[in-house]
Structure formats: structure tokens, C-alpha cells
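Structure data (mmCIF, C-alpha atoms) from coords-v2.cif:
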data_upload
#
loop_
_atom_site.label_atom_id
_atom_site.label_comp_id
_atom_site.auth_asym_id
_atom_site.auth_seq_id
_atom_site.Cartn_x
_atom_site.Cartn_y
_atom_site.Cartn_z
CA MET B 557 -67.07 126.45 196.89
CA ILE B 558 -67.45 126.37 193.10
CA GLU B 559 -63.69 125.96 192.77
CA LYS B 560 -63.79 122.93 195.08
CA ILE B 561 -66.65 121.36 193.09
CA MET B 562 -64.79 121.98 189.81
CA LYS B 563 -61.60 120.53 191.24
CA THR B 564 -63.45 117.42 192.47
CA GLY B 565 -65.18 117.03 189.10
CA PHE B 566 -61.87 117.38 187.29
CA LEU B 567 -60.23 114.77 189.52
CA MET B 568 -63.11 112.36 188.93
CA LEU B 569 -62.90 112.88 185.17
CA ALA B 570 -59.12 112.39 185.23
CA ALA B 571 -59.54 109.19 187.25
CA CYS B 572 -62.13 107.86 184.80
CA LEU B 573 -59.86 108.59 181.85
CA LEU B 574 -56.94 106.92 183.60
CA LEU B 575 -59.00 103.83 184.35
CA ALA B 576 -60.25 103.67 180.77
CA THR B 577 -56.70 103.78 179.43
CA SER B 578 -54.79 100.52 179.41
CA CYS B 579 -52.86 98.20 177.14
CA LYS B 580 -55.17 95.31 176.33
CA GLN B 581 -54.48 91.82 175.11
CA LYS B 582 -55.88 91.09 171.70
CA ALA B 583 -56.95 87.49 171.29
CA PRO B 584 -56.62 85.98 167.82
CA ALA B 585 -59.99 85.80 166.05
CA ASN B 586 -60.09 82.01 166.29
CA GLU B 587 -58.90 81.79 169.91
CA PRO B 588 -60.91 82.89 172.97
CA VAL B 589 -59.27 84.92 175.71
CA ALA B 590 -58.55 82.80 178.81
CA ASP B 591 -61.04 83.03 181.66
CA ALA B 592 -59.91 84.92 184.74
CA THR B 593 -58.96 82.70 187.67
CA VAL B 594 -59.23 85.53 190.18
CA GLU B 595 -62.36 87.69 190.22
CA SER B 596 -62.73 91.33 191.17
CA ASN B 597 -65.76 93.50 191.70
CA THR B 598 -66.60 96.99 190.51
CA GLU B 599 -65.22 98.61 193.64
CA ASN B 600 -61.77 97.02 193.15
CA THR B 601 -61.91 95.44 196.60
CA THR B 602 -62.82 91.86 197.35
CA GLU B 603 -65.87 90.96 199.39
CA SER B 604 -64.97 87.34 200.10
CA LYS B 605 -61.68 85.79 201.06
CA VAL B 606 -59.82 84.94 197.88
CA MET B 607 -56.31 83.71 198.51
CA TYR B 608 -53.38 84.74 196.35
CA THR B 609 -51.73 82.35 193.92
CA ASP B 610 -47.95 82.14 194.03
CA ILE B 611 -45.93 83.25 191.01
CA SER B 612 -42.36 82.07 190.51
CA LEU B 613 -40.46 83.52 187.54
CA PRO B 614 -36.93 84.60 186.67
CA GLY B 615 -35.68 87.98 187.85
CA PRO B 616 -33.53 90.35 185.77
CA GLN B 617 -30.30 88.58 186.80
CA GLY B 618 -31.78 85.12 186.20
CA GLN B 619 -32.52 84.42 189.87
CA THR B 620 -35.90 82.93 190.83
CA VAL B 621 -38.32 85.47 192.31
CA LYS B 622 -41.41 84.20 194.15
CA VAL B 623 -44.37 86.20 195.43
CA SER B 624 -44.51 83.74 198.35
CA ASP B 625 -41.14 85.05 199.53
CA TYR B 626 -42.88 88.33 200.42
CA VAL B 627 -46.47 87.48 201.42
CA GLY B 628 -46.67 86.98 205.19
CA LYS B 629 -43.43 88.85 205.74
CA ASN B 630 -45.02 92.21 204.90
CA LYS B 631 -48.31 93.82 205.90
CA LEU B 632 -49.21 94.27 202.21
CA VAL B 633 -47.79 92.93 198.97
CA MET B 634 -48.77 94.45 195.65
CA ILE B 635 -48.20 92.44 192.49
CA ASP B 636 -47.77 95.03 189.75
CA PHE B 637 -48.34 93.78 186.18
CA TRP B 638 -46.70 96.08 183.62
CA ALA B 639 -44.48 96.26 180.52
CA SER B 640 -41.88 98.69 179.19
CA TRP B 641 -43.78 99.08 175.89
CA CYS B 642 -47.07 99.97 177.61
CA GLY B 643 -47.66 103.73 177.60
CA PRO B 644 -50.35 103.63 180.31
CA CYS B 645 -48.02 101.51 182.47
CA MET B 646 -45.28 104.11 182.17
CA GLY B 647 -47.83 106.82 182.95
CA GLU B 648 -48.92 104.97 186.09
CA MET B 649 -45.38 104.12 187.23
CA PRO B 650 -44.77 107.43 189.10
CA TYR B 651 -47.70 106.52 191.40
CA VAL B 652 -46.29 103.02 191.97
CA VAL B 653 -42.84 104.47 192.74
CA LYS B 654 -44.45 107.01 195.09
CA ALA B 655 -46.38 104.22 196.85
CA TYR B 656 -43.15 102.30 197.35
CA GLU B 657 -41.32 105.35 198.67
CA MET B 658 -44.16 106.33 201.02
CA PHE B 659 -45.12 102.91 202.36
CA HIS B 660 -42.25 100.43 201.98
CA ASP B 661 -40.91 101.22 205.45
CA LYS B 662 -44.46 100.86 206.83
CA GLY B 663 -44.95 97.30 205.55
CA LEU B 664 -45.58 97.45 201.78
CA GLU B 665 -43.65 95.32 199.32
CA ILE B 666 -44.19 95.45 195.58
CA VAL B 667 -43.35 92.62 193.20
CA GLY B 668 -43.25 93.59 189.54
CA VAL B 669 -44.39 91.13 186.87
CA SER B 670 -43.39 92.31 183.42
CA LEU B 671 -45.18 91.30 180.23
CA ASP B 672 -42.14 92.24 178.18
CA LYS B 673 -40.56 90.03 175.54
CA ASP B 674 -37.27 91.91 175.26
CA LYS B 675 -35.02 91.60 178.31
CA ALA B 676 -32.93 94.68 177.51
CA SER B 677 -36.03 96.90 177.27
CA TRP B 678 -37.40 95.43 180.51
CA VAL B 679 -34.19 95.98 182.47
CA GLN B 680 -33.75 99.48 181.03
CA ALA B 681 -37.32 100.45 182.03
CA ILE B 682 -36.75 99.18 185.59
CA ALA B 683 -33.72 101.47 185.92
CA GLN B 684 -35.26 104.48 184.14
CA THR B 685 -38.44 104.47 186.21
CA GLY B 686 -36.71 103.90 189.55
CA GLN B 687 -38.33 100.57 190.41
CA LYS B 688 -36.42 99.40 193.50
CA TRP B 689 -38.62 96.40 194.26
CA PRO B 690 -38.30 92.75 193.17
CA GLN B 691 -39.01 92.10 189.50
CA MET B 692 -39.82 88.98 187.49
CA SER B 693 -40.65 88.04 183.91
CA ASP B 694 -40.67 84.96 181.73
CA LEU B 695 -40.32 87.31 178.71
CA LYS B 696 -43.37 85.76 177.01
CA GLY B 697 -45.38 88.96 176.59
CA TRP B 698 -49.14 88.33 176.81
CA ASN B 699 -48.37 84.63 177.35
CA CYS B 700 -46.77 85.45 180.72
CA GLU B 701 -47.56 82.60 183.11
CA GLY B 702 -47.87 84.96 186.09
CA ALA B 703 -50.38 87.19 184.32
CA ALA B 704 -52.40 84.14 183.26
CA LEU B 705 -52.69 82.97 186.88
CA TYR B 706 -54.51 86.22 187.71
CA GLY B 707 -56.53 86.49 184.49
CA ILE B 708 -54.77 89.69 183.45
CA GLN B 709 -56.24 90.94 180.14
CA SER B 710 -54.97 94.52 180.26
CA ILE B 711 -52.14 96.41 181.89
CA PRO B 712 -51.30 98.22 184.03
CA ALA B 713 -52.94 95.95 186.57
CA ASN B 714 -52.25 95.11 190.19
CA VAL B 715 -53.34 92.87 193.01
CA LEU B 716 -53.08 93.89 196.67
CA ILE B 717 -52.51 91.03 199.13
CA ASN B 718 -52.67 91.24 202.92
CA GLU B 719 -50.37 89.51 205.41
CA GLN B 720 -52.71 86.50 205.58
CA GLY B 721 -52.43 86.00 201.81
CA GLU B 722 -55.92 87.29 201.03
CA ILE B 723 -56.48 89.43 197.95
CA VAL B 724 -57.95 92.65 199.33
CA ALA B 725 -58.02 94.86 196.21
CA ARG B 726 -57.29 94.86 192.47
CA ASP B 727 -56.55 97.33 189.72
CA LEU B 728 -55.96 100.42 191.81
CA ARG B 729 -54.59 103.47 190.02
CA GLY B 730 -53.25 106.94 190.73
CA ASP B 731 -54.23 108.63 193.96
CA PHE B 732 -56.73 105.80 194.63
CA LEU B 733 -53.77 103.40 194.82
CA LEU B 734 -52.02 105.59 197.38
CA LYS B 735 -55.17 106.10 199.47
CA GLU B 736 -56.06 102.40 199.50
CA ILE B 737 -52.56 101.34 200.56
CA GLU B 738 -52.50 104.00 203.27
CA SER B 739 -55.93 102.93 204.50
CA ARG B 740 -55.07 99.22 204.49
CA LEU B 741 -51.83 99.77 206.37
CA ALA B 742 -53.57 101.95 208.95
CA ALA B 743 -56.31 99.32 209.41
CA GLY B 744 -53.89 96.41 209.58
CA ALA B 745 -54.65 95.29 205.99
CA VAL B 746 -57.56 93.10 207.11
CA ALA B 747 -59.80 91.76 204.34
CA GLU B 748 -63.34 93.14 204.36
#
Would you give me this structure, written as C-alpha cells?
Amino acid sequence: MIEKIMKTGFLMLAACLLLATSCKQKAPANEPVADATVESNTENTTESKVMYTDISLPGPQGQTVKVSDYVGKNKLVMIDFWASWCGPCMGEMPYVVKAYEMFHDKGLEIVGVSLDKDKASWVQAIAQTGQKWPQMSDLKGWNCEGAALYGIQSIPANVLINEQGEIVARDLRGDFLLKEIESRLAAGAVAE
């Protein structure tokens, strides 16, 4: 019993540390950080129907990648905001890869949006981390147009979208990411 309580406490502490760790945008002293256009609540799930905003950016081979090419064709689409230079993003990537491997055949698609500036580093990180899902980046770093559409101020970050195009969760990490995707797929990914 004590072992179970300690294990649960340790997992909660680890989750808190993981959530507290992210790469954050630093706004210049004379320039305010842009307001978020998509809101989230403290539980990382949405309470009202907020529709996704399409992102269309170049892929690694220069092709146009659009989020709208995947929403509606899959039960869930996760937009994953990350960068090759972001340590917390690389630490979170094994969970994202695991989510893809576990749930892609069950209706999950992931679309990666990189906040990289260097194309070679971006492409190398995709290969090294085993990201098999569609990727896009305008190579503008924190000025990434896709990240601005979702008010992204720190990475890693993600947005979970159901088949109807409703944002159903944001900023899920670690085992919580896996559990939420599993739960949403089992429930038909209906917004709450």
C-alpha cells in the first residue's frame, strides 16, 4: 500500500516537473508577447466548442502541408509544436512517437509544426527521433506563423482536434497524452 502511494506521488511529481519544463519565447523588452487566439483551461481540455484554425506551411521537401488535409479524415489530429533545439521537446518526443505507434492505425494523425530556423537541423531531428507523420515549418523560429495562430508561447505544445474540427485538448504531455488520446478514441473523440 505504501509502495503504491509512493509510486503515485512520484508519478505526480514527475508530471509536474515535466509540465513546468518547456522552451519559452522571450519577448523583447519593448515588445509585448502576442495574445493567444485559442484559449485553454487548467485541465487542458476545452469546455466549449472552439474550432481549429488551418495551418499551411512548407514541408521538409518544400511541398505544402495543411492541417485541413487531415482533420475530418481522422478521428483525432494532434498538432505538435516543437523544435530540434528544444531540450524539453526532445524529452517529450518518445511519448509522441509512442502515441503515433499505438494509435495511428486507430484513427490518430499527428502534424508536426517546427519552430526551427535551420532546415538541416529540423530534417535531421525528424529522422533521429523517428517522426513518421507529416511535418511543416516556415523556418522562422518563434515567428512561426502556425504557432502564432494558436498563441504558442512555449514548446513543446500540442492541440488535439476531433473529427468535427473541434479543439478537445491542449498541451498534453507524457502518459497523460497517451491516456487522453486513448480515451478520446474510445469515446469517439467527441468534444465535452
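The list of residues with at least one atom within 10 Å of B:Ser677, based on all atoms listed in the file and without residues fewer than 6 positions apart in the same chain, reads Ala639, Ser640 and Trp641 of chain B.
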Only C-alpha atoms, please: the residues just picked out, written as a PDB file, in the coordinates of the input.
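The resulting selection-v2.pdb:
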ATOM      1  CA  ALA B 639     -44.480  96.260 180.520  1.00  0.00           C
ATOM      2  CA  SER B 640     -41.880  98.690 179.190  1.00  0.00           C
ATOM      3  CA  TRP B 641     -43.780  99.080 175.890  1.00  0.00           C
TER       4      TRP B 641
END
Evaluate the PyMOL selection byres ((chain B and resi 622) around 7) and report residues as a PyMOL selection string: chain B and resi 610-613+620-621+623-625
Computed interatomic separation between atom CA of B:Val724 and atom CA of B:Arg740 (Å):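 Result for atom CA of B:Val724 versus atom CA of B:Arg740: 8.8 Å, one decimal.
Nearest to B:Ala743 of all the residues B:Leu632, B:Val606, B:Tyr626, B:Val669 is B:Leu632, counting all atoms listed in the file.
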Selection under test: the PyMOL selection byres ((chain B and resi 726-728) around 6); residues as number ranges by chain: B: 600, 713-715, 725, 729, 733
Write the residues of the selection above to a file with C-alpha atoms, as a short mmCIF file (atom, residue, chain, number, x, y, z; two decimals), keeping the file's coordinate frame.
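The resulting again.cif:
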data_model
loop_
_atom_site.label_atom_id
_atom_site.label_comp_id
_atom_site.auth_asym_id
_atom_site.auth_seq_id
_atom_site.Cartn_x
_atom_site.Cartn_y
_atom_site.Cartn_z
CA ASN B 600 -61.77 97.02 193.15
CA ALA B 713 -52.94 95.95 186.57
CA ASN B 714 -52.25 95.11 190.19
CA VAL B 715 -53.34 92.87 193.01
CA ALA B 725 -58.02 94.86 196.21
CA ARG B 729 -54.59 103.47 190.02
CA LEU B 733 -53.77 103.40 194.82
#
Near-B:Ser693 list (8 Å; all atoms listed in the file; drop same-chain fewer than 2 positions) as a list in words: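 Counting only the stated atoms, we get Leu613, Pro614, Gly615, Pro616, Val669, Ser670, Leu671, Asp672, Gln691, Leu695, Lys696 and Cys700 of chain B.
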